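Engineer: Contents of model15.txt (compact mmCIF, C-alpha atoms) are below:
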# COMPACT_ATOMS: atom_id res chain seq x y z
CA MET D 1 0.00 0.00 0.00
CA LYS D 2 1.40 3.41 -1.07
CA SER D 3 2.09 6.04 1.57
CA PRO D 4 0.22 9.36 1.41
CA ALA D 5 3.48 11.03 0.26
CA LEU D 6 3.88 8.60 -2.65
CA LYS D 7 0.21 9.06 -3.64
CA LEU D 8 0.69 12.86 -3.67
CA ALA D 9 3.85 12.57 -5.77
CA ALA D 10 2.07 10.31 -8.25
CA ALA D 11 -0.87 12.72 -8.53
CA LEU D 12 1.45 15.67 -9.11
CA ALA D 13 3.35 13.76 -11.80
CA ALA D 14 0.10 12.91 -13.57
CA ALA D 15 -1.03 16.52 -13.43
CA VAL D 16 2.26 17.75 -14.91
CA THR D 17 1.97 15.17 -17.70
CA LEU D 18 -1.59 16.28 -18.52
CA VAL D 19 -0.61 19.95 -18.55
CA GLY D 20 2.37 19.22 -20.77
CA THR D 21 0.25 17.20 -23.17
CA ALA D 22 -2.40 19.90 -23.31
CA SER D 23 0.25 22.56 -23.99
CA LEU D 24 1.76 20.48 -26.75
CA ARG D 25 -1.67 19.99 -28.33
CA ALA D 26 -2.34 23.73 -28.12
CA GLU D 27 0.97 24.47 -29.84
CA THR D 28 0.30 22.01 -32.66
CA VAL D 29 -3.25 23.10 -33.52
CA ASP D 30 -3.74 23.15 -37.29
CA LEU D 31 -4.84 26.76 -37.75
CA SER D 32 -6.01 26.05 -41.29
CA LYS D 33 -8.80 23.87 -39.85
CA THR D 34 -10.04 26.33 -37.23
CA THR D 35 -12.95 28.74 -37.66
CA PRO D 36 -11.78 32.38 -37.73
CA PRO D 37 -13.55 35.15 -35.78
CA TYR D 38 -14.45 36.91 -39.04
CA PRO D 39 -16.42 36.05 -42.23
CA ASP D 40 -14.54 33.12 -43.77
CA VAL D 41 -15.03 34.16 -47.39
CA VAL D 42 -11.44 34.29 -48.62
CA ASN D 43 -10.57 32.95 -52.08
CA VAL D 44 -7.21 31.14 -51.88
CA SER D 45 -7.30 29.47 -55.29
CA HIS D 46 -4.15 31.37 -56.27
CA ALA D 47 -2.36 31.11 -52.93
CA THR D 48 -0.19 28.43 -51.37
CA PRO D 49 -1.46 26.78 -48.15
CA PRO D 50 1.34 28.26 -45.99
CA VAL D 51 0.60 31.86 -46.99
CA ALA D 52 -3.15 31.29 -46.55
CA THR D 53 -2.48 30.01 -43.03
CA PHE D 54 -0.16 32.95 -42.28
CA PHE D 55 -2.82 35.51 -43.15
CA LYS D 56 -5.50 33.59 -41.29
CA SER D 57 -3.31 33.89 -38.20
CA TYR D 58 -2.70 37.61 -38.83
CA PHE D 59 -6.32 38.58 -39.41
CA THR D 60 -7.48 36.44 -36.50
CA ALA D 61 -5.19 38.38 -34.16
CA LYS D 62 -6.26 41.71 -35.69
CA SER D 63 -9.97 40.88 -35.49
CA GLU D 64 -9.52 39.80 -31.86
CA HIS D 65 -7.88 43.20 -31.25
CA LYS D 66 -4.57 41.83 -29.96
CA PRO D 67 -1.74 44.30 -30.77
CA ALA D 68 1.28 42.15 -29.91
CA GLN D 69 -0.07 39.01 -31.57
CA THR D 70 -0.93 41.05 -34.67
CA THR D 71 2.49 42.63 -35.09
CA ASP D 72 4.25 39.37 -34.24
CA HIS D 73 3.77 38.66 -37.96
CA PHE D 74 6.13 41.55 -38.79
CA SER D 75 9.92 41.45 -38.91
CA GLU D 76 11.93 42.89 -36.02
CA ALA D 77 14.90 43.59 -38.28
CA HIS D 78 13.15 45.57 -41.01
CA LEU D 79 9.64 46.82 -41.71
CA THR D 80 8.00 49.31 -44.06
CA TYR D 81 4.23 49.60 -43.63
CA ILE D 82 2.49 52.44 -45.45
CA ASP D 83 -1.12 53.36 -46.02
CA ALA D 84 -0.67 54.74 -49.54
CA ALA D 85 -4.06 56.49 -49.57
CA LEU D 86 -3.55 58.46 -46.36
CA GLY D 87 0.24 58.67 -46.35
CA TRP D 88 0.65 57.03 -42.94
CA PRO D 89 4.14 55.47 -42.79
CA PHE D 90 5.55 53.06 -40.20
CA TYR D 91 9.18 52.06 -40.55
CA ASN D 92 9.53 49.58 -37.71
CA LYS D 93 7.55 46.96 -35.82
CA LYS D 94 7.51 49.09 -32.65
CA GLY D 95 5.63 51.88 -34.43
CA MET D 96 3.03 49.46 -35.75
CA THR D 97 2.52 47.93 -32.32
CA GLU D 98 2.07 51.37 -30.75
CA MET D 99 -0.49 52.31 -33.42
CA PHE D 100 -2.53 49.17 -32.76
CA GLU D 101 -2.21 49.69 -28.99
CA GLN D 102 -3.75 53.13 -29.53
CA TYR D 103 -6.63 52.03 -31.75
CA MET D 104 -7.53 48.46 -30.79
CA PRO D 105 -8.83 49.15 -27.24
CA LYS D 106 -11.40 51.49 -28.82
CA TRP D 107 -12.67 48.92 -31.33
CA PRO D 108 -15.99 47.22 -30.48
CA PRO D 109 -16.25 43.42 -30.81
CA THR D 110 -18.00 43.91 -34.15
CA GLY D 111 -14.91 45.63 -35.57
CA LEU D 112 -13.30 43.11 -37.94
CA SER D 113 -10.52 42.88 -40.50
CA TYR D 114 -10.59 39.91 -42.85
CA PRO D 115 -9.13 38.72 -46.17
CA THR D 116 -11.28 38.18 -49.24
CA ARG D 117 -8.60 37.07 -51.73
CA ILE D 118 -4.95 36.02 -51.47
CA SER D 119 -2.60 35.60 -54.45
CA GLY D 120 0.99 34.52 -53.96
CA ASP D 121 3.17 32.60 -51.54
CA MET D 122 5.49 33.05 -48.55
CA HIS D 123 7.93 35.01 -50.71
CA SER D 124 5.46 37.79 -51.57
CA ALA D 125 1.75 38.23 -52.22
CA VAL D 126 -1.20 40.52 -52.91
CA VAL D 127 -3.99 40.39 -50.34
CA ALA D 128 -7.46 41.85 -50.75
CA PHE D 129 -9.00 42.54 -47.36
CA THR D 130 -11.76 44.48 -45.67
CA ASP D 131 -11.67 46.68 -42.58
CA THR D 132 -15.22 47.12 -41.27
CA PRO D 133 -16.42 50.68 -40.41
CA GLU D 134 -15.97 50.17 -36.66
CA LEU D 135 -12.17 50.20 -37.03
CA PHE D 136 -11.38 53.53 -38.68
CA GLY D 137 -14.75 55.24 -39.17
CA GLY D 138 -15.65 53.90 -42.60
CA GLU D 139 -15.47 50.67 -44.56
CA ILE D 140 -12.14 50.18 -46.34
CA ARG D 141 -11.61 47.56 -49.03
CA ILE D 142 -7.89 47.25 -49.59
CA LEU D 143 -5.41 45.69 -51.99
CA ALA D 144 -2.06 45.23 -50.25
CA ALA D 145 1.36 44.40 -51.70
CA ILE D 146 3.29 42.32 -49.16
CA ASP D 147 6.89 41.05 -49.03
CA PHE D 148 8.32 38.41 -46.71
CA LYS D 149 11.73 37.49 -45.40
CA ASP D 150 12.36 34.51 -43.13
CA GLY D 151 8.63 34.00 -42.65
CA LYS D 152 7.90 37.57 -41.49
CA VAL D 153 6.51 40.64 -43.24
CA VAL D 154 9.19 43.17 -44.19
CA ARG D 155 7.05 45.38 -46.43
CA TRP D 156 3.28 45.99 -46.53
CA ILE D 157 1.66 48.75 -48.62
CA ASP D 158 -2.11 49.34 -48.50
CA TYR D 159 -3.98 50.80 -51.51
CA TRP D 160 -7.66 51.78 -51.51
CA ASP D 161 -10.02 54.40 -52.94
CA GLY D 162 -10.95 57.29 -50.69
CA ARG D 163 -14.44 57.84 -52.08
CA SER D 164 -15.70 54.47 -50.83
CA PHE D 165 -14.49 55.47 -47.36
CA GLY D 166 -15.75 59.04 -47.66
CA ALA D 167 -13.74 61.62 -49.61
CA GLU D 168 -14.13 64.42 -47.04
CA THR D 169 -13.19 62.18 -44.13
CA ALA D 170 -10.21 60.76 -46.01
CA ALA D 171 -9.03 64.28 -46.87
CA LYS D 172 -9.02 65.23 -43.19
CA MET D 173 -6.97 62.16 -42.30
CA ARG D 174 -4.54 62.36 -45.24
CA THR D 175 -0.97 63.54 -44.68
CA PRO D 176 -0.34 66.95 -46.35
CA PRO D 177 1.40 66.73 -49.75
CA ASP D 178 4.63 68.31 -48.49
CA LYS D 179 4.88 65.69 -45.74
CA PHE D 180 3.56 62.70 -47.69
CA PRO D 181 6.02 59.77 -47.50
CA THR D 182 8.38 59.31 -50.45
CA ASN D 183 10.24 56.23 -49.21
CA PHE D 184 8.05 53.30 -50.26
CA ASP D 185 10.95 50.85 -49.98
CA TYR D 186 10.48 49.51 -53.52
CA GLU D 187 13.94 47.91 -53.41
CA VAL D 188 13.26 46.04 -50.16
CA ALA D 189 15.50 43.05 -49.44
CA SER D 190 12.87 40.33 -49.45
CA GLU D 191 12.37 36.88 -50.91
CA GLY D 192 10.94 38.50 -54.03
CA ALA D 193 8.48 37.55 -56.75
CA SER D 194 8.58 34.65 -59.19
CA ALA D 195 10.05 35.05 -62.67
CA LYS D 196 6.67 34.38 -64.27
CA ILE D 197 4.71 37.02 -62.37
CA LYS D 198 7.54 39.51 -62.99
CA ASP D 199 7.47 38.80 -66.73
CA VAL D 200 3.70 39.19 -67.07
CA SER D 201 3.66 42.31 -64.84
CA GLN D 202 6.45 43.97 -66.81
CA LYS D 203 4.77 43.25 -70.15
CA LEU D 204 1.40 44.51 -68.93
CA ALA D 205 2.84 47.65 -67.33
CA ALA D 206 4.84 48.41 -70.48
CA ALA D 207 1.73 48.01 -72.67
CA PHE D 208 -0.28 50.24 -70.35
CA ALA D 209 2.43 52.94 -70.28
CA ALA D 210 2.71 52.90 -74.08
CA GLY D 211 -1.04 53.08 -74.53
CA ASP D 212 -0.91 49.79 -76.44
CA ALA D 213 -4.32 48.22 -75.81
CA ALA D 214 -3.74 45.33 -78.23
CA ALA D 215 -0.50 44.28 -76.53
CA ALA D 216 -2.14 44.48 -73.12
CA ALA D 217 -5.22 42.52 -74.19
CA ALA D 218 -3.03 39.77 -75.66
CA LEU D 219 -1.90 38.91 -72.12
CA PHE D 220 -5.44 38.01 -70.97
CA SER D 221 -7.25 34.69 -71.19
CA TYR D 222 -10.38 34.47 -73.35
CA ASP D 223 -12.82 34.64 -70.41
CA ALA D 224 -10.81 37.02 -68.24
CA ALA D 225 -12.36 39.51 -65.83
CA TYR D 226 -11.11 43.08 -65.39
CA LEU D 227 -12.06 45.11 -62.30
CA ASP D 228 -11.21 48.72 -61.51
CA ARG D 229 -12.42 49.40 -57.98
CA ALA D 230 -11.82 53.15 -58.17
CA LEU D 231 -13.98 53.50 -61.30
CA ARG D 232 -16.55 50.85 -60.25
CA VAL D 233 -15.87 49.07 -63.54
CA ARG D 234 -16.13 45.36 -64.34
CA ILE D 235 -15.30 44.15 -67.85
CA LEU D 236 -15.75 40.52 -68.90
CA GLY D 237 -13.89 38.78 -71.73
CA LYS D 238 -10.63 39.41 -73.56
CA GLU D 239 -12.27 41.16 -76.52
CA ALA D 240 -14.24 43.58 -74.34
CA ILE D 241 -11.16 44.23 -72.20
CA GLY D 242 -9.15 45.17 -75.29
CA LYS D 243 -11.85 47.58 -76.46
CA TYR D 244 -12.11 49.13 -73.01
CA LEU D 245 -8.34 49.63 -72.76
CA SER D 246 -8.28 51.31 -76.16
CA ARG D 247 -10.67 53.91 -74.73
CA VAL D 248 -9.04 54.53 -71.36
CA LEU D 249 -5.26 53.97 -71.48
CA GLY D 250 -4.66 57.58 -72.43
CA SER D 251 -6.53 58.80 -69.33
CA ILE D 252 -6.37 56.30 -66.45
CA PRO D 253 -3.62 56.94 -63.88
CA TYR D 254 -1.98 53.53 -64.46
CA GLY D 255 -2.04 53.98 -68.26
CA GLU D 256 0.16 56.22 -70.39
CA GLY D 257 3.08 57.66 -68.44
CA ALA D 258 2.84 55.21 -65.53
CA LYS D 259 5.93 53.37 -64.34
CA LEU D 260 6.13 49.93 -62.75
CA MET D 261 7.77 50.20 -59.32
CA HIS D 262 7.55 46.83 -57.55
CA VAL D 263 6.29 43.30 -58.28
CA VAL D 264 5.02 40.70 -55.79
CA GLY D 265 3.59 37.22 -56.12
CA SER D 266 4.10 33.71 -57.43
CA ASP D 267 3.41 31.79 -60.66
CA GLN D 268 -0.24 31.68 -59.57
CA GLY D 269 -0.71 35.40 -59.12
CA GLY D 270 0.34 38.64 -57.46
CA GLY D 271 0.68 42.03 -59.08
CA PHE D 272 2.59 45.27 -59.32
CA GLU D 273 2.67 48.76 -57.86
CA TRP D 274 2.92 51.75 -60.19
CA MET D 275 3.67 55.48 -60.06
CA ASN D 276 2.63 58.27 -62.41
CA GLU D 277 4.02 61.69 -61.60
CA GLY D 278 2.05 63.24 -64.46
CA SER D 279 -1.31 62.21 -63.03
CA ALA D 280 -3.45 63.65 -60.25
CA VAL D 281 -3.20 60.14 -58.77
CA ASN D 282 0.46 59.34 -58.21
CA ARG D 283 0.36 55.67 -57.27
CA GLY D 284 -1.70 52.49 -57.09
CA ILE D 285 -1.68 48.73 -57.51
CA VAL D 286 -2.68 46.20 -60.17
CA ALA D 287 -3.41 42.68 -58.89
CA ILE D 288 -3.41 39.81 -61.38
CA ASP D 289 -4.25 36.11 -61.18
CA LEU D 290 -2.69 33.77 -63.75
CA ASN D 291 -3.94 30.52 -65.24
CA GLY D 292 -1.74 27.51 -65.92
CA ALA D 293 -0.68 28.93 -69.28
CA GLY D 294 0.53 32.17 -67.67
CA GLN D 295 -2.37 34.23 -69.00
CA ILE D 296 -4.15 36.84 -66.89
CA GLU D 297 -7.55 35.45 -65.93
CA ARG D 298 -8.41 38.18 -63.44
CA LEU D 299 -7.21 41.77 -62.99
CA ASP D 300 -8.18 43.83 -59.95
CA THR D 301 -6.87 47.35 -59.54
CA THR D 302 -7.38 50.24 -57.13
CA TRP D 303 -6.06 53.75 -56.56
CA ASP D 304 -7.15 56.78 -54.56
CA ASN D 305 -9.95 58.31 -56.62
CA SER D 306 -10.67 60.91 -53.93
CA VAL D 307 -7.73 63.07 -55.08
CA MET D 308 -9.17 63.26 -58.60
CA SER D 309 -11.77 65.90 -59.50
CA ASP D 310 -15.40 64.87 -59.94
CA ALA D 311 -15.31 65.95 -63.58
CA ASP D 312 -12.21 63.90 -64.45
CA LEU D 313 -13.53 60.86 -62.60
CA GLN D 314 -16.92 61.07 -64.30
CA ALA D 315 -15.22 61.36 -67.69
CA LEU D 316 -13.28 58.15 -67.01
CA VAL D 317 -16.40 56.30 -65.89
CA LEU D 318 -18.21 57.31 -69.08
CA ARG D 319 -15.42 55.72 -71.12
CA SER D 320 -16.60 52.31 -69.90
CA ILE D 321 -19.63 52.68 -72.17
CA GLU D 322 -19.21 51.00 -75.55
CA LYS D 323 -20.48 52.86 -78.59
Go through the file and emit its structure as structure tokens.
Structural biologist:
Amino acid sequence: MKSPALKLAAALAAAVTLVGTASLRAETVDLSKTTPPYPDVVNVSHATPPVATFFKSYFTAKSEHKPAQTTDHFSEAHLTYIDAALGWPFYNKKGMTEMFEQYMPKWPPTGLSYPTRISGDMHSAVVAFTDTPELFGGEIRILAAIDFKDGKVVRWIDYWDGRSFGAETAAKMRTPPDKFPTNFDYEVASEGASAKIKDVSQKLAAAFAAGDAAAAAALFSYDAAYLDRALRVRILGKEAIGKYLSRVLGSIPYGEGAKLMHVVGSDQGGGFEWMNEGSAVNRGIVAIDLNGAGQIERLDTTWDNSVMSDADLQALVLRSIEK
């Protein structure tokens, strides 16, 4: 018969074993199989499983309003995070953490941030995501260009159109032109983009800049879709896309005169950032998904339409009408 001391020791040993086993199980939870605290509507058809899991972890932490867990996805060694619409730059992880520590305690439980589409891999990617109105005062639907190094984010640039948020509100929050950030870290030391997405992006950007609608349209698949969020335009089919481009490349900000600045993504998809110093809109992003043959099957672009006059914007929208 065991003594009371031996019984106590055995019970303690069993308890330690159970705690250790539970901790191990908690650490090895397959996040890809858990239900996130936000609408699980993301399209990952052009993303690798690891990058899909990474962003599920990130947006779970952000939607649960946990500053440290959110910024744990960023690199300690190097970080450039810029809201390109408002001109809010953060050049280190500490600054991002402090920003979230300021905002997150004020967010109600209904305030969510969640991905809707991911294209790329753990080298670099484009992510479409939504911030609900409770976070920053208005709904924001964003296309972000993201670079990784050693499994952490080293560069993240958000692009969105100010009119969907509220042009007047965005104007009040935007950094003045003379203080707007100029260092967008386009030459960041990251794990880069694939050769295929670079090739397609460079050809498309060159065709856009030259105003060559035929060359641009040749890069699309027969049943491709073309979306311009800033103009509220959706064009279906290669032929219609070519006709549309022939009408707008001389006027859209990412058309004639625009310059490709940075490419992200994999053989499945990604996109490129552009600049146009001759336009009222200086910068934006073009996201593209590729099929197995390397053709563009979906293009999704956005830029800050709130800095363009009503008249110029209306003229661009009217160009979507076929005659």
Engineer: I need the residue nearest Gly237 in chain D from this list: D:Ala287, D:Ile296, D:Val127, D:Ala205. Use all atoms listed in the file for the distance.
Structural biologist: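 Going through D:Ala287, D:Ile296, D:Val127, D:Ala205 one by one, the smallest distance to Gly237 in chain D is for D:Ile296.
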Engineer: What separation in Å, quoted to one decimal, exists between CA of Thr80 in chain D and CA of Met99 in chain D?
Structural biologist: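 Those two atoms sit 13.9 Å apart.
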Engineer: Need the shell around range 50-65 of chain D: protein/DNA/RNA residues with any atom at most 6 Å away, counting only C-alpha atoms. Skip same-chain ones fewer than 5 positions apart. Format as an mmCIF file with C-alpha atoms, in the coordinates of the input?
Structural biologist:
data_model
loop_
_atom_site.group_PDB
_atom_site.id
_atom_site.type_symbol
_atom_site.label_atom_id
_atom_site.label_comp_id
_atom_site.auth_asym_id
_atom_site.auth_seq_id
_atom_site.Cartn_x
_atom_site.Cartn_y
_atom_site.Cartn_z
ATOM 1 C CA SER D 32 -6.010 26.050 -41.290
ATOM 2 C CA THR D 70 -0.930 41.050 -34.670
ATOM 3 C CA MET D 104 -7.530 48.460 -30.790
ATOM 4 C CA LEU D 112 -13.300 43.110 -37.940
ATOM 5 C CA SER D 113 -10.520 42.880 -40.500
ATOM 6 C CA TYR D 114 -10.590 39.910 -42.850
ATOM 7 C CA ASP D 121 3.170 32.600 -51.540
ATOM 8 C CA MET D 122 5.490 33.050 -48.550
#
Engineer: Could you name the residues that touch Gly87 in chain D at 8 Å or less, counting only C-alpha atoms, but leaving out those on the same chain fewer than 4 positions away, as a ChimeraX atom specification?
Structural biologist: /D:82-83,174-175,180-181
Engineer: What lies within 6 Å of range 194-198 of chain D using only C-alpha atoms, ignoring chain neighbours under 3 positions off, as an mmCIF file with C-alpha atoms, in the frame of the given file?
Structural biologist:
data_model
loop_
_atom_site.group_PDB
_atom_site.id
_atom_site.type_symbol
_atom_site.label_atom_id
_atom_site.label_comp_id
_atom_site.auth_asym_id
_atom_site.auth_seq_id
_atom_site.Cartn_x
_atom_site.Cartn_y
_atom_site.Cartn_z
ATOM 1 C CA SER D 201 3.660 42.310 -64.840
ATOM 2 C CA GLN D 202 6.450 43.970 -66.810
ATOM 3 C CA SER D 266 4.100 33.710 -57.430
ATOM 4 C CA ASP D 267 3.410 31.790 -60.660
#
Engineer: Fewer than 2 positions away in the same chain doesn't count, so skip those; otherwise give me all residues within 10 Å of Ala77 in chain D, counting all atoms listed in the file, as a ChimeraX atom specification.
Structural biologist: /D:74-75,79,92-93,149,152,154
Engineer: D:Thr71, D:Ser306, D:Thr130, D:Ser246: which is nearest Glu168 in chain D, counting all atoms listed in the file?
Structural biologist: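 Result for the nearest residue to Glu168 in chain D: D:Ser306.
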Engineer: I need every residue sitting at most 12 Å from the point (-7.4, 39.4, -63.9) (coordinates as in the file, all atoms listed in the file considered), written as an NGL selection string.
Structural biologist: :D and (46 or 119 or 200-201 or 204 or 216-217 or 219-228 or 234-238 or 241 or 268-271 or 286-291 or 294-301)
Engineer: Padding of 6 Å on every side, edges along x, y and z, all listed atoms of range 50-60 of chain D included: what centre and edge lengths in Å, to one decimal, does that box have, as AutoDock Vina command-line options?
Structural biologist:
--center_x -3.1 --center_y 33.4 --center_z -41.7 --size_x 20.8 --size_y 22.3 --size_z 22.5
Engineer: Looking at only C-alpha atoms, which of D:Asn183, D:Gln102, D:Thr302, D:Thr169 is the one that sits closest to Ile142 in chain D?
Structural biologist: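 Using only C-alpha atoms, Ile142 in chain D sits closest to D:Thr302.
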Engineer: Have a look at CA of Val233 in chain D and CA of Ile321 in chain D and let me know their distance in Å, one decimal.
Structural biologist: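 A separation of 10.1 Å between them.
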